[in-house]
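The structure under discussion appears below in the form of C-alpha cells.
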Amino acid sequence: MSRKFKSPDFYETYPALFHNYYPMVKTKTVNQLSDAGFAFYRSVLNLDAIIDNREVQRIFTVLELQEYAIKKLSSVYPEEHNFWNVWNCRKKEYQEAIFLEKELFVNFSEQKYIEVADKKSAFGKIAIDSLFELSENSDKKLYENLIESHKYFSLGFQIYDDIEDFNEDFIGKQFNIAVHELSKKVDFEKYPDVGMLKKVFYVTGLGFTLLQKSLDSFQKAKSFLEDEESGWYKTIEEMQNAVSTYYETTFAYIEILKKKNELKNKPHKRIFFDYSEISRQEIKNGLAFIEKEFSENYAELQHFMWLSKKDGFDNEKQLHYSDTFQRAMLNDCLLHLSEKFHLKTDLFFKEENNYFLKRVNKDEIGAWSYFSTVKEIAADIDDLGQIMQQFIISRHNHLVDEYCAKAISISIEDRSTENGGIETWIIPKNDLTKLQNKQDHFNSSKWGKGPDVEVVANFLYALFLYDAETYFSAIKKGVDYLISEQNIDGHWESRWYYGKYYGTYVCLRLLNCFPKEFFETKQKSLNFLKTSQNENGSFGSEENLIMSTSFARLSLNFFPSENSTINFRNSERFLLNNQLIDGSWKAENFIRPKTNEPYKSKTLTTAFVLKSLI
C-alpha cells in the first residue's frame, strides 16, 4: 500500500488480526496463513516499485516471494478448494486498481478514489477470505461486516499515506490525493520548492480536512465491529491514534508558524542600544543580528510548546509561548557586553526590567514561571535566579527586594534538601492550594522535582550577588551539594540543558566567588576542559558544538592562565569561522523541557558566543 516500502508490524501477522472472529481455525493454520500473507505483501511492495519507479530489477524478488506464498497457501488449501476462486478474484481486483489509479489523474472522483484504495488492498482482504473459507462459511453477515470494515480501514490508511508521501509522490508524478486537492487551489508554478508546497497544503487547511477524512474512515471501519478485543479492532484504533497525534502535532506546528509571523510583524516603539563605537566587527555583526531580532519582538527567541488537554493540561489555550527565561539569559550576555565596551544601556535595561515586572505571577508567591499561561507549571528557581541576576547587574537591587523576597524564602525554607540542594519548583511545603497541589502532581509525574545541579548553581549565584552574608548558610550547603555531584572526570551534568558544558560553567561561576577555596574541585574541572577539546578547537558533540564551545570558553575564563594558550585561541578561531553571513551563529539544542522537543535559538546562541568572545 505504501510506496515507502515500510512494513507496519501488523502486516507480519495480518490473518491473526481476524482470528478472534474465527476461533474454530487452528492457530498453526493461522500462522501458516500469516507467513504466506506477509511474503505476498512484500511482493506487492516490490511490484509497486516496478510499476511506479520502473525498478525492473525487483522482478526476481517478486517472483520468489510469490512462489513462497503460493507454496504456503497450497499446504493449507487443496487445488480444488474454493479458496483459489476467491484468490483469482482478488488478483483481478488488484490489477484493476493499478489501471484505475492511473485514471485518477484525468478523471478523478471521490468514489473512484475509494474504489482504488479498496481494490489496492485486495490481498489484505484475502486474510479475511481465507479464514471465512476455513470456517465453512459459518457467518455470512460477519464476513460482510469485516470486508466493509477493511474497506474503510484501507481508505483511511491510503489518505494518511498520501499525506505522508506528499513530497515523494509530487516529485515522482504518482497520483496523490493531497497533491490533487492542493492543485485545485494553488498554482504550483508559483512554488518551485515542494517543501514550501507541503506547508501551503497545511496553511490552506486542506491538510487537516484530509486528515479528518482519514480519522472518519477509521471510525467507520470500527462501526462494523462488535468485538473490541480483537486484533483487528485494536489495529484500527492504533492507526486512528497515530493519525490523531499527527493531526495535533502538525496543527501545533502551523499555529506556531502563524504566531511567529504575527509576533514578527507586531510593531513596537522601543529602541535598541547604540553599539556603533565597538571596533571588533564580529561583535558588531552579532549585535546587529540581535538588534534585528529585537525589532521583530524576539519572535525567534520565543519557546513555543503545544500542551494539550489530551496530555492532562487544562488551560484556556493549548499553544503556549514565552521568552521570559531566554530573554533574561540573553540580557545577561548583553549586560556583560555593555560593561566590556562601556555602552550606554541604562534606559534599555530599565525597560527590560519593566518587561519582567509585567510577567510576575499573579499569586501569593509571585516570581516567574517558564510558561505563565500554563497553570500546571509553578514558578521555579532557575527563572527566579536568572531574573534576579539581571536586576542586580543592571543596578536595580530594589526590584529583588520587592518582587523576589517571598519566592526566595519559600525556596530556602521549604524546598531545601538534606544534601544541600534546593528543589527547582517554588511551592510551599504545607497548606498547598488546589492549584499548587496540581502543580506538585505535575512536578512528580511530568517534570521532575529536583534538585537539579545547574539550576541550584544558577540560583545560588544570584543569592551571592544579592546578599552573600544573609544567605551564606544556604550558599555554603549548596556548594557542598554541587561538589558532591561533580562527575569523576570533572564536569557537571545538567537535567534541563544539552551537553556537559552549561552545567560546568554555572557551577564554576559560583565556585569562582570563593577564590581561595575548592581548589581540588576547580582543578578537576580544568582538567576536564583541557582534555575534552576537539581537534578543530571546538568542544562538545555535533548537535551543540557552538554552544558547548561558548560555555567551555566562559568556564576557562575562570582560569586566567589558560586564556593565552593555543587551545583557547583555537576555540575562538572555531567560533569565528562559524559565524554566519547575517552575523549570527546557528541555533543549537539547548533546553530540553520534554523528550524529543529541544529548544534552540539563533538569537540565544549568538548572545552566548559574543559573551564568550570578550
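Scheme for the C-alpha cells: letters A, B, ... for chains in order shown; per-chain residue numbers from 1; ligand numbers from 1 in order shown.
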Handout entry: Test item: residues at most 10 Å from region 261-271 of chain A, only C-alpha atoms, excluding those fewer than 3 positions along its chain, as a list in words
Key =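 Near neighbours after the sequence-gap exclusion: Glu255, Ile256, Leu257, Lys258, Asp274, Glu291, Glu293, Phe294, Ser295, Glu296, Asn297, Tyr298, Ala299, Glu300, Gln302, Leu347, Phe348 and Glu351 of chain A.
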Only N, CA and C atoms, please: the residues just picked out, written as an mmCIF file, in the first residue's frame.
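Produced file out_31.cif, reproduced below:
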```cif
data_model
loop_
_atom_site.group_PDB
_atom_site.id
_atom_site.type_symbol
_atom_site.label_atom_id
_atom_site.label_comp_id
_atom_site.auth_asym_id
_atom_site.auth_seq_id
_atom_site.Cartn_x
_atom_site.Cartn_y
_atom_site.Cartn_z
ATOM 1 N N GLU A 255 0.218 26.437 13.833
ATOM 2 C CA GLU A 255 -0.137 27.527 14.745
ATOM 3 C C GLU A 255 1.100 28.286 15.225
ATOM 4 N N ILE A 256 2.197 27.552 15.434
ATOM 5 C CA ILE A 256 3.445 28.195 15.844
ATOM 6 C C ILE A 256 3.970 29.097 14.732
ATOM 7 N N LEU A 257 3.920 28.602 13.492
ATOM 8 C CA LEU A 257 4.359 29.428 12.363
ATOM 9 C C LEU A 257 3.539 30.718 12.276
ATOM 10 N N LYS A 258 2.224 30.586 12.463
ATOM 11 C CA LYS A 258 1.355 31.760 12.404
ATOM 12 C C LYS A 258 1.684 32.748 13.519
ATOM 13 N N ASP A 274 22.931 51.715 21.471
ATOM 14 C CA ASP A 274 23.922 52.072 20.447
ATOM 15 C C ASP A 274 25.221 51.297 20.695
ATOM 16 N N GLU A 291 19.864 42.887 17.310
ATOM 17 C CA GLU A 291 19.018 44.081 17.180
ATOM 18 C C GLU A 291 17.870 43.821 16.190
ATOM 19 N N GLU A 293 16.477 40.959 15.539
ATOM 20 C CA GLU A 293 15.512 40.098 16.224
ATOM 21 C C GLU A 293 14.719 40.888 17.264
ATOM 22 N N PHE A 294 15.373 41.810 17.937
ATOM 23 C CA PHE A 294 14.701 42.684 18.901
ATOM 24 C C PHE A 294 13.599 43.473 18.212
ATOM 25 N N SER A 295 13.891 43.973 17.010
ATOM 26 C CA SER A 295 12.896 44.765 16.261
ATOM 27 C C SER A 295 11.694 43.911 15.846
ATOM 28 N N GLU A 296 11.881 42.594 15.819
ATOM 29 C CA GLU A 296 10.803 41.672 15.465
ATOM 30 C C GLU A 296 10.253 40.963 16.706
ATOM 31 N N ASN A 297 10.337 41.649 17.841
ATOM 32 C CA ASN A 297 9.777 41.151 19.103
ATOM 33 C C ASN A 297 10.382 39.825 19.552
ATOM 34 N N TYR A 298 11.641 39.609 19.182
ATOM 35 C CA TYR A 298 12.332 38.369 19.553
ATOM 36 C C TYR A 298 11.480 37.134 19.232
ATOM 37 N N ALA A 299 10.826 37.153 18.080
ATOM 38 C CA ALA A 299 9.969 36.023 17.698
ATOM 39 C C ALA A 299 10.764 34.723 17.638
ATOM 40 N N GLU A 300 12.011 34.818 17.170
ATOM 41 C CA GLU A 300 12.839 33.609 17.056
ATOM 42 C C GLU A 300 13.301 33.123 18.421
ATOM 43 N N GLN A 302 11.529 33.140 21.178
ATOM 44 C CA GLN A 302 10.407 32.550 21.922
ATOM 45 C C GLN A 302 10.485 31.025 21.927
ATOM 46 N N LEU A 347 18.870 52.988 29.960
ATOM 47 C CA LEU A 347 17.458 53.075 29.567
ATOM 48 C C LEU A 347 16.967 51.746 28.997
ATOM 49 N N PHE A 348 17.810 51.100 28.195
ATOM 50 C CA PHE A 348 17.431 49.809 27.595
ATOM 51 C C PHE A 348 17.113 48.796 28.681
ATOM 52 N N GLU A 351 13.919 49.379 30.739
ATOM 53 C CA GLU A 351 12.728 48.887 30.039
ATOM 54 C C GLU A 351 12.669 47.364 30.046
#
```
Problem - Leu73 (chain A) surroundings by only C-alpha atoms, 8 Å radius, close-in-sequence under 2 positions cut, as a PyMOL selection string - result: chain A and resi 32-33+36+69-71+75-77
Saved selection, atoms kept: C-alpha atoms, as a CSV table (one decimal), in the first residue's frame:
```csv
chain,number,residue,atom,x,y,z
A,32,GLN,CA,0.9,-20.5,8.0
A,33,LEU,CA,-1.5,-18.0,6.5
A,36,ALA,CA,2.1,-16.5,3.2
A,69,ALA,CA,3.4,-17.5,-0.6
A,70,ILE,CA,1.7,-19.9,-3.0
A,71,LYS,CA,3.5,-22.9,-1.6
A,75,SER,CA,-0.2,-26.5,2.2
A,76,VAL,CA,-3.5,-25.2,3.6
A,77,TYR,CA,-5.9,-25.4,0.7
```
Using only C-alpha atoms, find each residue of region 83-178 of chain A with at least one atom at most 8 Å away from an atom of region 224-230 of chain A; report its shortest atom-to-atom pair and that distance in Å (one decimal), sort the rows by chain and rising residue number, and return the result as CSV.
```
residue,atom,partner,partner_atom,distance
A:Asn145,CA,A:Phe224,CA,5.4
A:Leu146,CA,A:Phe224,CA,6.9
A:Glu148,CA,A:Phe224,CA,7.2
A:Ser149,CA,A:Phe224,CA,5.7
```
Handout entry: Spatial neighbours of Tyr41 (chain A), max dist 12 Å, only C-alpha atoms, sep filter under 2 positions, as a PyMOL selection string
Key = chain A and resi 1-2+5-8+10-14+33-39+43-48+62+65-66+68-69+120-127
Problem - Contact residues around region 244-247 of chain A with only C-alpha atoms at 12 Å, ignoring same-chain residues under 3 positions, as a VMD selection string - result: chain A and resid 156 160 to 161 163 to 164 202 205 to 216 218 to 219 237 to 241 250 to 254 306 308 310 to 311
Handout entry: Proximity to Thr324 (chain A) - best of A:Asn443, A:Ser279, A:Thr373, A:Asn85, only C-alpha atoms
Key =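 Using only C-alpha atoms, the shortest distance to Thr324 (chain A) belongs to A:Thr373.
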Exercise for the section: Could you give me, as an MDAnalysis selection string, each residue of region 167-238 of chain A that DSSP assigns to alpha helix (DSSP H) when run on this structure's backbone? Expected result: chainID A and resid 167:172 177:183 194:203 206:223 231:238
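The interatomic distance for the pair CA of Val106 (chain A) and CA of Ala49 (chain A) works out to 22.1 Å.
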Problem - Distance query region 519-528 of chain A at most 12 Å, only C-alpha atoms, self and fewer than 5 positions along chain excluded, as a count of residues only - result: 41
Problem - Coordinates-based distance that separates CA of Leu613 (chain A) from CA of His342 (chain A) (Å, one decimal) - result: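 Those two atoms sit 16.0 Å apart.
Distance annotation: of A:Pro78, A:Pro593, A:Gly286, A:Pro23, the residue with the minimal separation from Leu575 (chain A) is A:Gly286; atom set is only C-alpha atoms.
Minimum atom-to-atom distance to Asn354 (chain A), evaluated using only C-alpha atoms, belongs to A:His396 out of A:Ile426, A:His396, A:Leu155, A:Ala379.
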